[in-house]
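Inspection log for the structure reproduced underneath, given as structure tokens.
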There are 4 protein chains.
Amino acid sequence: MGKQDTGIGLVGAGFMGRCHANAFRSVAGLFDLPLQPRLAILADASDDLAEKSAAALGFARGTSDWRALVSDPEVEIVAITAPNALHAPIALAAIAVGKTVYCEKPLSTTAESALAMTLAAEAAGVTTLVGFNFLRNPMIRLAREIIAGGEIGEITGFRGRHAENYMASPDAPHSFRTDPAGGGALADIGSHIVSMARYLVGPIAEVQADCRTIFPTRPVAPGSAERAPVEVDDMTHALVRFETGAAGSIEANWAATARHMDLSWEISGTKGALAFSQERMNELLLWSDRPGRSGYTRIDSGPAHPPYGAFCPAPGHHLGFNDLKVIEVAELLAAHAGGDNPGPDFREAYEVQRVIEAMQRSDRARGWVTL
Amino acid sequence: MGKQDTGIGLVGAGFMGRCHANAFRSVAGLFDLPLQPRLAILADASDDLAEKSAAALGFARGTSDWRALVSDPEVEIVAITAPNALHAPIALAAIAVGKTVYCEKPLSTTAESALAMTLAAEAAGVTTLVGFNFLRNPMIRLAREIIAGGEIGEITGFRGRHAENYMASPDAPHSFRTDPAGGGALADIGSHIVSMARYLVGPIAEVQADCRTIFPTRPVAPGSAERAPVEVDDMTHALVRFETGAAGSIEANWAATARHMDLSWEISGTKGALAFSQERMNELLLWSDRPGRSGYTRIDSGPAHPPYGAFCPAPGHHLGFNDLKVIEVAELLAAHAGGDNPGPDFREAYEVQRVIEAMQRSDRARGWVTL
Amino acid sequence: MGKQDTGIGLVGAGFMGRCHANAFRSVAGLFDLPLQPRLAILADASDDLAEKSAAALGFARGTSDWRALVSDPEVEIVAITAPNALHAPIALAAIAVGKTVYCEKPLSTTAESALAMTLAAEAAGVTTLVGFNFLRNPMIRLAREIIAGGEIGEITGFRGRHAENYMASPDAPHSFRTDPAGGGALADIGSHIVSMARYLVGPIAEVQADCRTIFPTRPVAPGSAERAPVEVDDMTHALVRFETGAAGSIEANWAATARHMDLSWEISGTKGALAFSQERMNELLLWSDRPGRSGYTRIDSGPAHPPYGAFCPAPGHHLGFNDLKVIEVAELLAAHAGGDNPGPDFREAYEVQRVIEAMQRSDRARGWVTL
Amino acid sequence: MGKQDTGIGLVGAGFMGRCHANAFRSVAGLFDLPLQPRLAILADASDDLAEKSAAALGFARGTSDWRALVSDPEVEIVAITAPNALHAPIALAAIAVGKTVYCEKPLSTTAESALAMTLAAEAAGVTTLVGFNFLRNPMIRLAREIIAGGEIGEITGFRGRHAENYMASPDAPHSFRTDPAGGGALADIGSHIVSMARYLVGPIAEVQADCRTIFPTRPVAPGSAERAPVEVDDMTHALVRFETGAAGSIEANWAATARHMDLSWEISGTKGALAFSQERMNELLLWSDRPGRSGYTRIDSGPAHPPYGAFCPAPGHHLGFNDLKVIEVAELLAAHAGGDNPGPDFREAYEVQRVIEAMQRSDRARGWVTL
């Protein structure tokens, strides 16, 4: 007798949709799961597209009707990789019929609707998970464990950023990313470093941010000569205070010319320190004090750092970006089967969004905002 | 109508077997392939084990009889991850019935049998591929392209090694790795750096090696107090001359205390240089000369370096170890469908093995050996 | 006929005094100078101490009376490494008699007195230089030249910090560094990163800072059990806007557990980027865009980067901390002899101090402060 | 009463002569020495040149007659930076009159004459020191102390090189460096890595080398169109066995295109490992094993690593190349005053030269050579 099948319904077949599909296909061969995911239905913009995507990504069938997908009894888990504005209606529909919901970040386009989604999920008692996949990195978990275990003492400082360069050119065009509803560097990638700051150091109490639009106009479409004003930030620098009293700074920047994926931070404690950059995602730096031997130790990821061993029995062989999504899906399935939900759940994603919005308000107010 | 199914038969379900299975499951969702792999049969040591592994890894059924698997009409491609001594009989059986053969390295336990396998495959005209998966790294391909395009001029020097620490303890026990038939650091991991040297710089003409056994005895089994003599090398240092005249050194070392995966090299040319380590597999260093600006440029892997884009549309997001196997399988399937075979095929694997054996002979002869 | 002698009078013989003395002794053998420094008089707290220090550091004689030193006709250049509160009276006395003044940073304990010193020096037309020695690094000059030449386009972002760990322990005692008049992490080391930001990116227009005292009390003296309140910041995080519109952040932190000398920054421009850390002071990272070859190039210091060649004819051999002081002294002597004064002069040091005080005000006001 | 003066006679005023002079001028202000060096006489090719150099470098007078310098009663220490072929006659003359001799490397042009110099010095009982200044680095001493203290267990492997690029161009001209008497990459820079290997791991028992001339001809002079054959190696790769049984490789390469100063090594032991490159001379990597925390710790140089503190009281501020020479001179003066001689003395320099010559012989013999 095999394990029980669990039907997956995926809404959206863009890059993130493919990423989800790949993770659902791979996970059972890598993790020892309580159940077996079955790729049931994929929803896309049209029936035709949906059928093609379903075939390409290994789903049994496709549909243009996400409402049908959500309510189909074959589907137990609804995975949402649709445009941000659709997250709320899809998730609320799925919650209404008691499905587990797995949603890409940002949870919604406003903190307000994210809160509504959170309250609905909590009232219905459904399992939720939001795709902050960078938190799944064994090195990030090791960092959290080191902090929680007191190895680096009390945390005093946090210096973090998420910097990429995909909008560094004035000719990078408008897209959903520059839509004032939910767009901008801070909302788009700042949410990753905010979620990581909370995951590692705890709740943020106060913020003060400077949101800057570098390029006042951008092409209305790729290659277009017509330009339209930009209403969102290209870069945000923020001061933060954590509830514990730790202080620090957070930057979100999609025009950081030299950076491909600098989701990075340094955390100082009274007894040690940690540093990390996603640009070297298989490494964690741990500082410890030994007379004449003090320094940062570069720890390479390996089987000593679960769940690395699910991918490879030998250390130093590297996990990749897609592997983080496989870990996320393994944890989703375990939570769906009744196990612990490691989160971030909808509530946590809402909290992240609150921080983002507080930063935006503080920029307009030119002063501190308390959360 | 979907793509044509191609039945895969996998012999062996250890770490590498799982790795193959995962790659075959993932590949169709990531690459645009001419055909669709179908996980048909998995062979393992017993029927029971084989059934369990087949279920876990997604194969339709299991068998304890690899001969049945090889001759089954459902199987078009035979993937071999069985113990090294079985590579030859399984591959020869598969060749005899005209199947495509995908074999883990080392191709066989001796260069002599590797040559026999090569000649049989060439006579039969079957497609072969050997699992030197580190060559599939987009950064390694970029290096080859840079060299082939003359960007760094004529190659003058090569300094390479494959260093790990899994046998660095005197209490690391005997296993297939220490079996005099095909074992030792040089055969086990030295083959990777030799294959990479050939891939990048070309054929090796002469070698002189120093094979050293660090620990004269090892436990007969994990945790055992009984120890037996070690007859293979723990580390080999070799001088090499390439056919082009380039000179250099190669090290194979499984007792390199600080190294998890230092499959690394520096290549000097008359106009530039390249450097790489698998410990940072998503980076390639390219040296170029500009007045006042000379230096190594660290290139991060990205969509500009095919087939990275099959995994992620954004640069700097990292491929992992398992992704290299997915690329390998994509190329295997394309070759099986009649496309180019990028290799390394059996003949190339035989050439690698010849170099390894020449090094072993030179150690015994205490002098240079010409290939 | 040798070069003309120029008498040096040094006030203070602590670490920085030794550093000055060493630089004045070394400089003539390394640089081709218009004149020859002669170590004339050293002033210290008592006659006895001054005599000993003079002998140890190679000065002709010592004195406890800095006023006598300043007015002595043998002294043409007055070098000030005395406690911060004495900078103003000594400098003003030297200016009054028309001497060249070489003063350690901070120029004074308040921006107000720094301005008075500046105006006095300008009125008297004397040459002044302030010891922001990290600006003398050939790699920093290369960075400035790259920016000024437009190689990285228009500057959009600056992310800088000066982080060390010498006060990271709650048991690091009170000293002049924690004196509310001129003390605190921001004043002590923040001035270095502010001066560098101005040197590379230009004037700062607006700031908003968060000054935090991590440890509310510290021992009153080394090893003492008695503790007294701390009134200065241990760490400051600040948002900055430059006059050009570039935005960024600046951190000053003497409790950054893992950092010995992280005076570091990344500067993003529309065409490229630069990064530097004093922890690897002989390296500059320059990012440039080439299809498939984009990345940070690590430039090692060498004779191509003046005045490195004064120290060593071969690249990659490293300058050290003390060499920066030798460069500073060479430039001081050239300016004294009538050449260009590369600065930073008193006015520039005053501007740095204005930024520091604006940050302190913004912290108290919890809002932006315009300079 | 001040300290006793000790007269220094320097033969040679090229780059290394300047370096010596600078060190002798600086040392007393940085180190607490038993005596005070006095720059007495400088010898150069002509009286005129010598006078000019003496004035520039701070010597009391100049001479074209090194024999007069050696026998002058004012000179107690003879420092030799003259061309290699003159090392023996100058040193022998100085030994004959009982002077302390401080000689640049290589000690002589052949091991045979180096032995004669060694025997003469030992018979006369004079103090000798040879300028292998890279051994003076506090990080190298820390490495030696770590090894000697057993922190990384028994040494099993050594992988070292000295690679630079100053002869990487086929148009780099002939010079003393390409003179068959004492020239070639192996003799010129290979001696540094050989001396370091001996300093850290101990005597070398056996070698096998491959010496390669990359460019068969070079211009006879800078910019000349006339080319003459090259009779020395551009790069040498060697296998080495230490007396302890440790095995490894050594490379000397002056055509390593991307390297400015890669005097580097990795040393593996049964309990840990160390790694170093002169390209980051203020850092030492120390590997230690802790469950889940294993990795290389990057130790930055600081006061915990004597004699760093003589230069700067704060860690991470960097020593430079010239500082190593100051340390060397401080130790020379202490040894001259009757203290311990840390070496390397003439005998050690002779042993290094023996290894170099054994490597050259092994290349010709195409087999191992026992020392």
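Residue numbers start at 1 in each chain; chains themselves are named A, B, ... in the order of the structure tokens; ligands are numbered from 1 in the order shown.
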
Taking only C-alpha atoms into account, produce a table as a Markdown table in which each residue of chain D with an atom at most 12 Å from an atom of chain A appears once, together with its shortest atom pair and the distance in Å to one decimal, ordered by chain and rising number.
| residue | atom | partner | partner_atom | distance |
| --- | --- | --- | --- | --- |
| D:Pro138 | CA | A:Gly292 | CA | 11.2 |
| D:Met139 | CA | A:Gly292 | CA | 10.5 |
| D:Arg141 | CA | A:Gly292 | CA | 11.9 |
| D:Leu142 | CA | A:Gly292 | CA | 8.6 |
| D:Ala143 | CA | A:Arg293 | CA | 10.9 |
| D:Glu145 | CA | A:Gly292 | CA | 11.2 |
| D:Ile146 | CA | A:Arg293 | CA | 10.1 |
| D:Glu151 | CA | A:Arg293 | CA | 11.6 |
| D:Glu283 | CA | A:Gly295 | CA | 9.8 |
| D:Leu284 | CA | A:Arg293 | CA | 9.4 |
| D:Leu285 | CA | A:Thr297 | CA | 8.9 |
| D:Leu286 | CA | A:Arg293 | CA | 8.2 |
| D:Trp287 | CA | A:Thr297 | CA | 8.3 |
| D:Ser288 | CA | A:Thr297 | CA | 9.1 |
| D:Asp289 | CA | A:Ile299 | CA | 10.5 |
| D:Arg290 | CA | A:Ile299 | CA | 10.2 |
| D:Pro291 | CA | A:Ala304 | CA | 7.3 |
| D:Gly292 | CA | A:Ala304 | CA | 5.2 |
| D:Arg293 | CA | A:Ile299 | CA | 5.9 |
| D:Ser294 | CA | A:Ile299 | CA | 6.0 |
| D:Gly295 | CA | A:Ile299 | CA | 4.9 |
| D:Tyr296 | CA | A:Thr297 | CA | 5.3 |
| D:Thr297 | CA | A:Thr297 | CA | 3.9 |
| D:Arg298 | CA | A:Gly295 | CA | 5.2 |
| D:Ile299 | CA | A:Gly295 | CA | 4.9 |
| D:Asp300 | CA | A:Gly295 | CA | 6.9 |
| D:Ser301 | CA | A:Gly292 | CA | 8.8 |
| D:Gly302 | CA | A:Gly292 | CA | 8.2 |
| D:Pro303 | CA | A:Gly292 | CA | 8.6 |
| D:Ala304 | CA | A:Gly292 | CA | 5.2 |
| D:His305 | CA | A:Gly292 | CA | 6.7 |
| D:Pro306 | CA | A:Gly292 | CA | 10.1 |
| D:Tyr308 | CA | A:Gly292 | CA | 11.9 |
| D:Pro315 | CA | A:Gly292 | CA | 10.5 |
| D:Gly316 | CA | A:Gly295 | CA | 10.7 |

Store the residues of this selection in a file with N, CA, C and O atoms, as a compact mmCIF listing (two decimals), in the first residue's frame.
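Final output, selection-v8.txt:
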# COMPACT_ATOMS: atom_id res chain seq x y z
N PRO D 138 53.58 38.19 11.22
CA PRO D 138 52.98 37.61 12.42
C PRO D 138 52.01 36.46 12.12
O PRO D 138 51.87 35.55 12.93
N MET D 139 51.39 36.50 10.96
CA MET D 139 50.46 35.43 10.61
C MET D 139 51.21 34.12 10.33
O MET D 139 50.70 33.03 10.59
N ARG D 141 54.06 33.37 11.73
CA ARG D 141 54.51 32.89 13.04
C ARG D 141 53.38 32.24 13.80
O ARG D 141 53.58 31.25 14.49
N LEU D 142 52.21 32.81 13.67
CA LEU D 142 51.05 32.19 14.31
C LEU D 142 50.84 30.79 13.75
O LEU D 142 50.57 29.84 14.49
N ALA D 143 50.98 30.67 12.44
CA ALA D 143 50.83 29.35 11.81
C ALA D 143 51.84 28.37 12.38
O ALA D 143 51.52 27.22 12.72
N GLU D 145 53.33 28.48 15.25
CA GLU D 145 53.01 28.21 16.65
C GLU D 145 51.83 27.23 16.75
O GLU D 145 51.83 26.33 17.59
N ILE D 146 50.86 27.40 15.87
CA ILE D 146 49.70 26.49 15.86
C ILE D 146 50.15 25.07 15.52
O ILE D 146 49.72 24.10 16.13
N GLU D 151 47.99 21.91 17.49
CA GLU D 151 46.57 22.25 17.33
C GLU D 151 45.93 21.60 16.11
O GLU D 151 44.72 21.36 16.10
N GLU D 283 45.83 37.89 6.97
CA GLU D 283 44.80 36.91 7.32
C GLU D 283 45.41 35.51 7.37
O GLU D 283 46.25 35.16 6.55
N LEU D 284 44.95 34.73 8.33
CA LEU D 284 45.31 33.32 8.38
C LEU D 284 44.02 32.54 8.54
O LEU D 284 43.17 32.91 9.35
N LEU D 285 43.89 31.47 7.76
CA LEU D 285 42.71 30.61 7.90
C LEU D 285 43.07 29.41 8.75
O LEU D 285 44.05 28.71 8.47
N LEU D 286 42.27 29.17 9.77
CA LEU D 286 42.48 28.03 10.67
C LEU D 286 41.22 27.19 10.69
O LEU D 286 40.15 27.70 11.05
N TRP D 287 41.35 25.95 10.31
CA TRP D 287 40.17 25.08 10.27
C TRP D 287 40.09 24.29 11.55
O TRP D 287 41.08 23.69 11.98
N SER D 288 38.91 24.28 12.13
CA SER D 288 38.75 23.42 13.29
C SER D 288 37.39 22.76 13.22
O SER D 288 36.46 23.26 12.60
N ASP D 289 37.31 21.63 13.86
CA ASP D 289 36.18 20.73 13.75
C ASP D 289 35.28 20.91 14.96
O ASP D 289 35.70 20.69 16.10
N ARG D 290 34.07 21.37 14.71
CA ARG D 290 33.05 21.41 15.76
C ARG D 290 31.76 20.95 15.13
O ARG D 290 31.40 21.44 14.05
N PRO D 291 31.04 20.05 15.76
CA PRO D 291 29.82 19.53 15.11
C PRO D 291 28.90 20.65 14.62
O PRO D 291 28.49 21.50 15.40
N GLY D 292 28.62 20.64 13.35
CA GLY D 292 27.72 21.64 12.77
C GLY D 292 28.33 23.02 12.63
O GLY D 292 27.68 23.93 12.13
N ARG D 293 29.58 23.18 13.11
CA ARG D 293 30.20 24.51 13.08
C ARG D 293 31.58 24.44 12.44
O ARG D 293 32.34 25.42 12.53
N SER D 294 31.94 23.32 11.85
CA SER D 294 33.27 23.19 11.26
C SER D 294 33.46 24.20 10.15
O SER D 294 32.52 24.55 9.44
N GLY D 295 34.68 24.62 9.99
CA GLY D 295 34.96 25.55 8.91
C GLY D 295 36.27 26.28 9.15
O GLY D 295 36.89 26.16 10.21
N TYR D 296 36.67 27.00 8.13
CA TYR D 296 37.86 27.83 8.24
C TYR D 296 37.50 29.11 8.99
O TYR D 296 36.57 29.82 8.59
N THR D 297 38.26 29.41 10.02
CA THR D 297 38.13 30.70 10.69
C THR D 297 39.17 31.64 10.10
O THR D 297 40.35 31.29 10.03
N ARG D 298 38.72 32.80 9.69
CA ARG D 298 39.64 33.82 9.18
C ARG D 298 40.12 34.67 10.34
O ARG D 298 39.36 35.45 10.91
N ILE D 299 41.38 34.51 10.67
CA ILE D 299 41.98 35.29 11.76
C ILE D 299 42.63 36.52 11.15
O ILE D 299 43.48 36.41 10.26
N ASP D 300 42.23 37.70 11.60
CA ASP D 300 42.87 38.94 11.15
C ASP D 300 44.05 39.25 12.06
O ASP D 300 43.96 39.07 13.28
N SER D 301 45.10 39.77 11.52
CA SER D 301 46.27 40.11 12.32
C SER D 301 45.94 41.19 13.33
O SER D 301 45.11 42.08 13.08
N GLY D 302 46.58 41.10 14.48
CA GLY D 302 46.33 42.08 15.54
C GLY D 302 47.38 41.96 16.63
O GLY D 302 48.32 41.17 16.51
N PRO D 303 47.22 42.76 17.68
CA PRO D 303 48.21 42.75 18.77
C PRO D 303 48.36 41.39 19.43
O PRO D 303 49.38 41.16 20.09
N ALA D 304 47.37 40.51 19.26
CA ALA D 304 47.50 39.17 19.83
C ALA D 304 48.56 38.36 19.09
O ALA D 304 48.89 37.24 19.51
N HIS D 305 49.07 38.90 18.00
CA HIS D 305 50.04 38.18 17.18
C HIS D 305 51.32 38.98 17.07
O HIS D 305 51.50 39.74 16.12
N PRO D 306 52.23 38.83 18.05
CA PRO D 306 53.47 39.61 18.05
C PRO D 306 54.26 39.41 16.76
O PRO D 306 54.23 38.30 16.20
N TYR D 308 52.99 42.37 15.89
CA TYR D 308 52.05 43.32 15.30
C TYR D 308 51.90 44.58 16.15
O TYR D 308 51.84 45.71 15.63
N PRO D 315 43.69 45.80 16.34
CA PRO D 315 43.74 44.72 15.35
C PRO D 315 43.12 45.16 14.03
O PRO D 315 42.42 46.17 13.95
N GLY D 316 43.40 44.41 12.99
CA GLY D 316 42.74 44.62 11.70
C GLY D 316 43.19 45.85 10.95
O GLY D 316 42.61 46.20 9.93

Could you give me, as a ChimeraX atom specification, the residues within 8 Å of stretch 68-85 of chain A, counting only C-alpha atoms and dropping anything in the same chain fewer than 6 positions from it? /A:6-14,16-17,20,40-43,91,93-94,97,99-104,106-109,182

Pick from A:Ile267, A:Tyr166, A:Gly245, A:Phe321 nearest to A:Glu279, counting only C-alpha atoms: A:Phe321

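Atom to atom, atom CA of D:Glu328 and atom CA of D:Ser268 stand 28.0 Å apart.
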
From a backbone DSSP assignment, name each residue in stretch 98-240 of chain D labelled alpha helix (DSSP H), as a PyMOL selection string. chain D and resi 111-124+138-148+185+191-201

Those residues you just picked out, can you put them in a file as an mmCIF file, in the first residue's frame with C-alpha atoms?
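Once everything was written out, this is again08.cif:
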data_model
loop_
_atom_site.group_PDB
_atom_site.id
_atom_site.type_symbol
_atom_site.label_atom_id
_atom_site.label_comp_id
_atom_site.auth_asym_id
_atom_site.auth_seq_id
_atom_site.Cartn_x
_atom_site.Cartn_y
_atom_site.Cartn_z
ATOM 1 C CA ALA D 111 74.447 25.821 -3.106
ATOM 2 C CA GLU D 112 78.153 25.100 -3.129
ATOM 3 C CA SER D 113 79.177 28.699 -2.509
ATOM 4 C CA ALA D 114 76.308 29.105 -0.025
ATOM 5 C CA LEU D 115 77.827 26.212 1.912
ATOM 6 C CA ALA D 116 81.248 27.835 1.827
ATOM 7 C CA MET D 117 79.722 31.048 3.199
ATOM 8 C CA THR D 118 77.911 29.075 5.883
ATOM 9 C CA LEU D 119 81.018 27.224 7.006
ATOM 10 C CA ALA D 120 83.014 30.447 7.085
ATOM 11 C CA ALA D 121 80.381 32.197 9.189
ATOM 12 C CA GLU D 122 80.089 29.275 11.583
ATOM 13 C CA ALA D 123 83.864 29.030 11.952
ATOM 14 C CA ALA D 124 84.084 32.754 12.659
ATOM 15 C CA PRO D 138 52.978 37.610 12.423
ATOM 16 C CA MET D 139 50.456 35.425 10.613
ATOM 17 C CA ILE D 140 53.204 33.045 9.514
ATOM 18 C CA ARG D 141 54.507 32.889 13.045
ATOM 19 C CA LEU D 142 51.047 32.191 14.315
ATOM 20 C CA ALA D 143 50.831 29.349 11.813
ATOM 21 C CA ARG D 144 54.099 27.932 13.025
ATOM 22 C CA GLU D 145 53.008 28.214 16.651
ATOM 23 C CA ILE D 146 49.703 26.493 15.860
ATOM 24 C CA ILE D 147 51.525 23.647 14.143
ATOM 25 C CA ALA D 148 54.199 23.320 16.803
ATOM 26 C CA ALA D 185 61.375 31.264 -11.447
ATOM 27 C CA SER D 191 63.038 29.904 -2.682
ATOM 28 C CA HIS D 192 60.347 31.788 -0.720
ATOM 29 C CA ILE D 193 57.875 28.948 -0.735
ATOM 30 C CA VAL D 194 60.614 26.391 -0.056
ATOM 31 C CA SER D 195 61.813 28.396 2.933
ATOM 32 C CA MET D 196 58.277 28.701 4.192
ATOM 33 C CA ALA D 197 57.611 24.984 3.748
ATOM 34 C CA ARG D 198 60.699 24.221 5.821
ATOM 35 C CA TYR D 199 59.792 26.850 8.407
ATOM 36 C CA LEU D 200 56.337 25.380 8.907
ATOM 37 C CA VAL D 201 56.584 21.663 8.130
#

Taking only C-alpha atoms into account, name the residue in D:Gln36, D:Asn341, D:Thr244, D:Thr217 that is nearest to D:Phe158.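 Ranked by minimum distance to D:Phe158, first place goes to D:Thr244.
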